[in-house]
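These notes concern the structure reproduced below.
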Amino acid sequence: MIAEGMVMLIKYATHLAPGVLLFGLWFALTPRALSALRILILLLAFVLMRDVMTPLRMWALGSEVQIAFTNNGFVLAALGGLSVLLIMLLVRVAPELWRLIRWSIGNPVVGLAVGLGVGGLIGMPLRIYQGIDAFSIHGYWVWLPGMVVLAYGANALEEVLFRGFLQGYLEQQVTPLRAALISGVAFAACHTFLALSVTQLGWPVLLFTLIEGLACALVRMRYGVLPATLTHGTVILLIAVPLI
């Protein structure tokens with residue numbers, strides 16, 4: 001599993017490297033005072049990192065918004081861990097953006113409970129509709145720990161970018177509600193290429209990501225980025241299955 005996973009990760013890194021280098025150079029050349037542009041660069045770089053995984057068969061989207069991830073748990077855990085490392089790197093390279101993040105607002109226990117609950121409210125009906133039965137899926141329980149790391153680690157990075165940086169920046173320009181709405185719509189818009197070109201699944205993906213994005217944005221507005229990460233990660237975890 002590890003040897004096969006290393007081959008997959010090396011192929012991913014090699015495929016991704018030219019684009020990441022260009023985005024990194026663009027980001028480095030952009031003055032820190034241009035916060036909005038630096039946030040946009042990071043969002044576009046993340047979209048590239050996510051969408052490149054599709055043609056490499058590291059994940060696949062189904063017609064009913066079911067997400068299948070590689071059945072190699074080592075790869076899943078590595079990608080989730082890499083996402084956490086990238087979050088830590090952003091502390092060093094973008095301290096001015098890091099100050100925009102509001103990790104927790106109000107009672108943190110209530111916030112985490114709400115984040116988990118909202119994720120369940122979105123993800124569980126989809127899991128039931130899709131008929132996902134963990135006990136009938138071969139290798140599900142071996143695959144699950146790596147998927148947990150990916151679901152919460154990778155989506156923590158996505159939430160830092162969309163709800164931490166973007167929504168935090170927007171709250172300095174407009175009302176918190178409008179900032180949340182823009183963040184949610186931007187999240188769905190950043191799935192357009194994936195929905196209409198990479199997978200050609202169309203509007204179901206965009207509708208799902210709009211609902212998910214608005215939910216995470218509203219949770220962030222009221223309770224902070226950590227609860228929003230719980231919402232996002234829980235939704236993905238509930239609708240994910242091993243890629244056969």
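In the structure tokens, chains take the letters A, B, ... in the order shown, each chain's residues start at 1, and ligands count up from 1 in the order shown.
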
Skip A:Leu48 itself and residues of its chain fewer than 5 positions away, then list as a ChimeraX atom specification all residues within 10 Å of it, counting only C-alpha atoms.
/A:16,19-20,23,42-43,53,194

I'd like the neighbourhood of A:Ala154 as a list in words, where a residue qualifies if any of its atoms comes within 9 Å (using only C-alpha atoms), though same-chain residues fewer than 6 positions away should be ignored.
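Close residues of A:Ala154: Leu79, Gly80, Gly81, Leu82, Ser83, Val84 and Gly233 of chain A.
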
Counting only C-alpha atoms, which residue out of A:Leu100, A:Val149, A:Ile105, A:Leu207 sits closest to A:Ala36?
A:Leu100

Which residues, written as a list of chain:residue names, have at least one atom at most 12 Å from A:Val109, with only C-alpha atoms counted and residues fewer than 3 positions away on the same chain left out?
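Residues meeting the cut-off are A:Ser104, A:Ile105, A:Gly106, A:Leu112, A:Ala113, A:Val114, A:Gly115, A:Leu116, A:Tyr223, A:Gly224, A:Leu226, A:Pro227.
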
Take the residues from that selection and put them in a file with C-alpha atoms, as a PDB file, in the first residue's frame.
ATOM      1  CA  SER A 104     -13.802  30.626  17.030  1.00  0.00           C
ATOM      2  CA  ILE A 105     -16.625  33.060  17.748  1.00  0.00           C
ATOM      3  CA  GLY A 106     -18.745  32.788  20.872  1.00  0.00           C
ATOM      4  CA  LEU A 112     -18.100  22.817  17.321  1.00  0.00           C
ATOM      5  CA  ALA A 113     -21.394  21.075  18.079  1.00  0.00           C
ATOM      6  CA  VAL A 114     -23.223  23.248  15.545  1.00  0.00           C
ATOM      7  CA  GLY A 115     -20.521  22.668  12.943  1.00  0.00           C
ATOM      8  CA  LEU A 116     -20.761  18.913  13.370  1.00  0.00           C
ATOM      9  CA  TYR A 223     -19.139  30.485  15.128  1.00  0.00           C
ATOM     10  CA  GLY A 224     -15.784  30.727  13.313  1.00  0.00           C
ATOM     11  CA  LEU A 226     -13.050  25.697  13.123  1.00  0.00           C
ATOM     12  CA  PRO A 227     -16.786  24.912  13.271  1.00  0.00           C
TER      13      PRO A 227
END

Residues of stretch 8-209 of chain A in helix (DSSP H, G or I), written as a PyMOL selection string:
chain A and resi 8-29+35-51+73-93+95-98+108-130+134-136+140-170+176-189+192-198+203-209

Closest-contact table, stretch 130-190 of chain A side, partner stretch 88-94 of chain A, 12 Å, counting only C-alpha atoms, as a Markdown table:
| residue | atom | partner | partner_atom | distance |
| --- | --- | --- | --- | --- |
| A:Gly153 | CA | A:Met88 | CA | 11.8 |
| A:Ala156 | CA | A:Met88 | CA | 11.3 |
| A:Leu157 | CA | A:Met88 | CA | 9.7 |
| A:Val160 | CA | A:Leu90 | CA | 9.7 |
| A:Leu161 | CA | A:Leu90 | CA | 10.0 |
| A:Gly164 | CA | A:Leu90 | CA | 11.7 |
| A:Phe165 | CA | A:Ala94 | CA | 10.2 |

Hey, can you spit out that residue selection with N, CA and C atoms as a PDB file, in the first residue's frame?
ATOM      1  N   GLY A 153      -8.459  17.303   7.276  1.00  0.00           N
ATOM      2  CA  GLY A 153      -7.210  18.004   7.006  1.00  0.00           C
ATOM      3  C   GLY A 153      -7.280  18.840   5.744  1.00  0.00           C
ATOM      4  N   ALA A 156      -9.790  21.594   6.039  1.00  0.00           N
ATOM      5  CA  ALA A 156      -9.306  22.679   6.900  1.00  0.00           C
ATOM      6  C   ALA A 156      -8.565  23.710   6.053  1.00  0.00           C
ATOM      7  N   LEU A 157      -7.748  23.228   5.106  1.00  0.00           N
ATOM      8  CA  LEU A 157      -7.048  24.151   4.208  1.00  0.00           C
ATOM      9  C   LEU A 157      -8.042  24.939   3.366  1.00  0.00           C
ATOM     10  N   VAL A 160      -9.714  27.530   5.545  1.00  0.00           N
ATOM     11  CA  VAL A 160      -8.804  28.644   5.839  1.00  0.00           C
ATOM     12  C   VAL A 160      -8.800  29.632   4.673  1.00  0.00           C
ATOM     13  N   LEU A 161      -8.790  29.114   3.452  1.00  0.00           N
ATOM     14  CA  LEU A 161      -8.744  29.979   2.279  1.00  0.00           C
ATOM     15  C   LEU A 161     -10.066  30.702   2.044  1.00  0.00           C
ATOM     16  N   GLY A 164     -11.555  31.680   6.097  1.00  0.00           N
ATOM     17  CA  GLY A 164     -10.597  32.425   6.896  1.00  0.00           C
ATOM     18  C   GLY A 164     -10.126  33.678   6.186  1.00  0.00           C
ATOM     19  N   PHE A 165      -9.480  33.493   5.035  1.00  0.00           N
ATOM     20  CA  PHE A 165      -8.915  34.625   4.305  1.00  0.00           C
ATOM     21  C   PHE A 165      -9.985  35.430   3.562  1.00  0.00           C
TER      22      PHE A 165
END

Best match for closeness to A:Val75 among A:Glu4, A:Asp133, A:Glu96, A:Glu171, counting only C-alpha atoms:
A:Glu4

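The interatomic distance for the pair atom CA of A:Gly73 and atom CA of A:Met1 works out to 7.9 Å.
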
Best match for closeness to A:Leu170 among A:Cys216, A:Ala228, A:Leu97, A:Ala3, counting only C-alpha atoms:
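Between A:Cys216, A:Ala228, A:Leu97, A:Ala3, the residue approaching A:Leu170 most closely is A:Leu97.
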
Considering only C-alpha atoms, return as a PyMOL selection string whatever protein or nucleic-acid residues lie within 12 Å of A:Pro242, sequence-local ones (same chain, fewer than 6 positions apart) excluded.
chain A and resi 57-61+66-73+76+132-134+136-147

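Of the residues under consideration (A:Val205, A:Val110, A:Ile236, A:Ala217), A:Ile236 shows the shortest atom-to-atom contact distance to A:Leu150 when counting only C-alpha atoms.
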
Hey, can you check how far atom CA of A:Gly120 sits from atom CA of A:Phe135?
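Computed distance, atom CA of A:Gly120 to atom CA of A:Phe135, equals 19.5 Å.
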
If I take atom CA of A:Gly131 and atom CA of A:Gly213, how far is one from the other in Å, to one decimal?
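So the answer is 23.8 Å.
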
Report as a compact mmCIF listing (two decimals) with all heavy atoms, in the first residue's frame all protein, DNA and RNA residues lying within 10 Å of A:Arg127, evaluated on only C-alpha atoms, omitting residues in the same chain fewer than 2 positions from it.
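Writing done, so here's around-v7.txt:
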# COMPACT_ATOMS: atom_id res chain seq x y z
N VAL A 65 -23.70 13.10 -6.84
CA VAL A 65 -22.85 13.81 -5.89
C VAL A 65 -22.27 12.85 -4.86
O VAL A 65 -22.15 13.18 -3.69
CB VAL A 65 -23.62 14.96 -5.19
CG1 VAL A 65 -22.64 15.97 -4.60
CG2 VAL A 65 -24.54 15.69 -6.15
N GLN A 66 -21.94 11.67 -5.30
CA GLN A 66 -21.20 10.74 -4.46
C GLN A 66 -19.73 10.89 -4.82
O GLN A 66 -19.39 10.94 -6.00
CB GLN A 66 -21.66 9.31 -4.71
CG GLN A 66 -21.00 8.29 -3.78
CD GLN A 66 -21.47 6.88 -4.07
OE1 GLN A 66 -20.91 6.19 -4.92
NE2 GLN A 66 -22.51 6.46 -3.38
N GLY A 120 -23.77 17.02 9.49
CA GLY A 120 -24.61 15.83 9.49
C GLY A 120 -25.94 16.07 8.79
O GLY A 120 -26.43 15.19 8.07
N ILE A 122 -26.54 17.98 6.30
CA ILE A 122 -26.35 17.99 4.85
C ILE A 122 -25.93 16.62 4.34
O ILE A 122 -26.43 16.12 3.34
CB ILE A 122 -25.30 19.05 4.46
CG1 ILE A 122 -25.77 20.45 4.85
CG2 ILE A 122 -25.01 18.99 2.95
CD1 ILE A 122 -24.73 21.53 4.64
N GLY A 123 -24.96 16.02 5.03
CA GLY A 123 -24.38 14.79 4.53
C GLY A 123 -25.20 13.54 4.73
O GLY A 123 -25.24 12.66 3.86
N MET A 124 -25.89 13.42 5.87
CA MET A 124 -26.61 12.18 6.17
C MET A 124 -27.76 11.90 5.20
O MET A 124 -27.91 10.76 4.75
CB MET A 124 -27.12 12.20 7.61
CG MET A 124 -27.69 10.87 8.07
SD MET A 124 -26.50 9.49 7.89
CE MET A 124 -25.35 9.89 9.20
N PRO A 125 -28.60 12.90 4.85
CA PRO A 125 -29.64 12.61 3.85
C PRO A 125 -29.07 12.14 2.52
O PRO A 125 -29.64 11.26 1.88
CB PRO A 125 -30.37 13.95 3.71
CG PRO A 125 -30.12 14.66 4.99
CD PRO A 125 -28.74 14.26 5.40
N TYR A 129 -29.82 8.62 0.76
CA TYR A 129 -30.34 8.64 -0.62
C TYR A 129 -29.47 7.79 -1.55
O TYR A 129 -29.98 7.06 -2.40
CB TYR A 129 -30.42 10.07 -1.12
CG TYR A 129 -30.73 10.20 -2.58
CD1 TYR A 129 -32.01 9.95 -3.06
CD2 TYR A 129 -29.73 10.57 -3.49
CE1 TYR A 129 -32.30 10.06 -4.42
CE2 TYR A 129 -30.01 10.69 -4.84
CZ TYR A 129 -31.30 10.43 -5.30
OH TYR A 129 -31.58 10.54 -6.64
N GLN A 130 -28.16 7.88 -1.36
CA GLN A 130 -27.23 7.13 -2.20
C GLN A 130 -27.12 5.67 -1.80
O GLN A 130 -26.55 4.87 -2.53
CB GLN A 130 -25.84 7.79 -2.14
CG GLN A 130 -25.80 9.18 -2.75
CD GLN A 130 -24.54 9.94 -2.37
OE1 GLN A 130 -23.69 9.44 -1.62
NE2 GLN A 130 -24.40 11.14 -2.88
N GLY A 131 -27.68 5.33 -0.63
CA GLY A 131 -27.65 3.95 -0.18
C GLY A 131 -26.26 3.48 0.23
O GLY A 131 -25.91 2.31 0.03
N ILE A 132 -25.46 4.37 0.80
CA ILE A 132 -24.11 4.01 1.22
C ILE A 132 -24.19 3.15 2.48
O ILE A 132 -24.63 3.61 3.54
CB ILE A 132 -23.26 5.26 1.49
CG1 ILE A 132 -23.11 6.08 0.21
CG2 ILE A 132 -21.89 4.87 2.04
CD1 ILE A 132 -22.39 7.40 0.40
N ASP A 133 -23.81 1.90 2.37
CA ASP A 133 -23.81 0.96 3.49
C ASP A 133 -22.36 0.53 3.73
O ASP A 133 -21.80 -0.25 2.96
CB ASP A 133 -24.69 -0.24 3.17
CG ASP A 133 -24.72 -1.26 4.30
OD1 ASP A 133 -24.13 -0.99 5.38
OD2 ASP A 133 -25.31 -2.34 4.10
N VAL A 235 -19.52 16.63 6.03
CA VAL A 235 -20.29 16.39 4.81
C VAL A 235 -19.53 15.46 3.87
O VAL A 235 -20.07 14.45 3.37
CB VAL A 235 -20.61 17.71 4.08
CG1 VAL A 235 -21.25 17.42 2.72
CG2 VAL A 235 -21.55 18.56 4.92
N LEU A 237 -17.03 13.43 4.51
CA LEU A 237 -16.82 12.11 5.09
C LEU A 237 -18.06 11.23 4.93
O LEU A 237 -17.97 10.03 4.66
CB LEU A 237 -16.45 12.24 6.57
CG LEU A 237 -16.03 10.98 7.30
CD1 LEU A 237 -14.78 10.38 6.68
CD2 LEU A 237 -15.79 11.27 8.78
N LEU A 238 -19.23 11.83 5.08
CA LEU A 238 -20.47 11.06 5.02
C LEU A 238 -20.82 10.58 3.61
O LEU A 238 -21.46 9.54 3.44
CB LEU A 238 -21.63 11.88 5.58
CG LEU A 238 -21.67 12.04 7.10
CD1 LEU A 238 -22.74 13.04 7.53
CD2 LEU A 238 -21.90 10.68 7.78
N ILE A 239 -20.40 11.34 2.59
CA ILE A 239 -20.79 10.96 1.23
C ILE A 239 -19.64 10.30 0.46
O ILE A 239 -19.79 9.96 -0.72
CB ILE A 239 -21.31 12.17 0.43
CG1 ILE A 239 -20.22 13.21 0.23
CG2 ILE A 239 -22.52 12.77 1.10
CD1 ILE A 239 -20.65 14.38 -0.66
N ALA A 240 -18.51 10.09 1.13
CA ALA A 240 -17.35 9.52 0.46
C ALA A 240 -17.37 7.99 0.52
O ALA A 240 -17.82 7.39 1.50
CB ALA A 240 -16.06 10.04 1.09
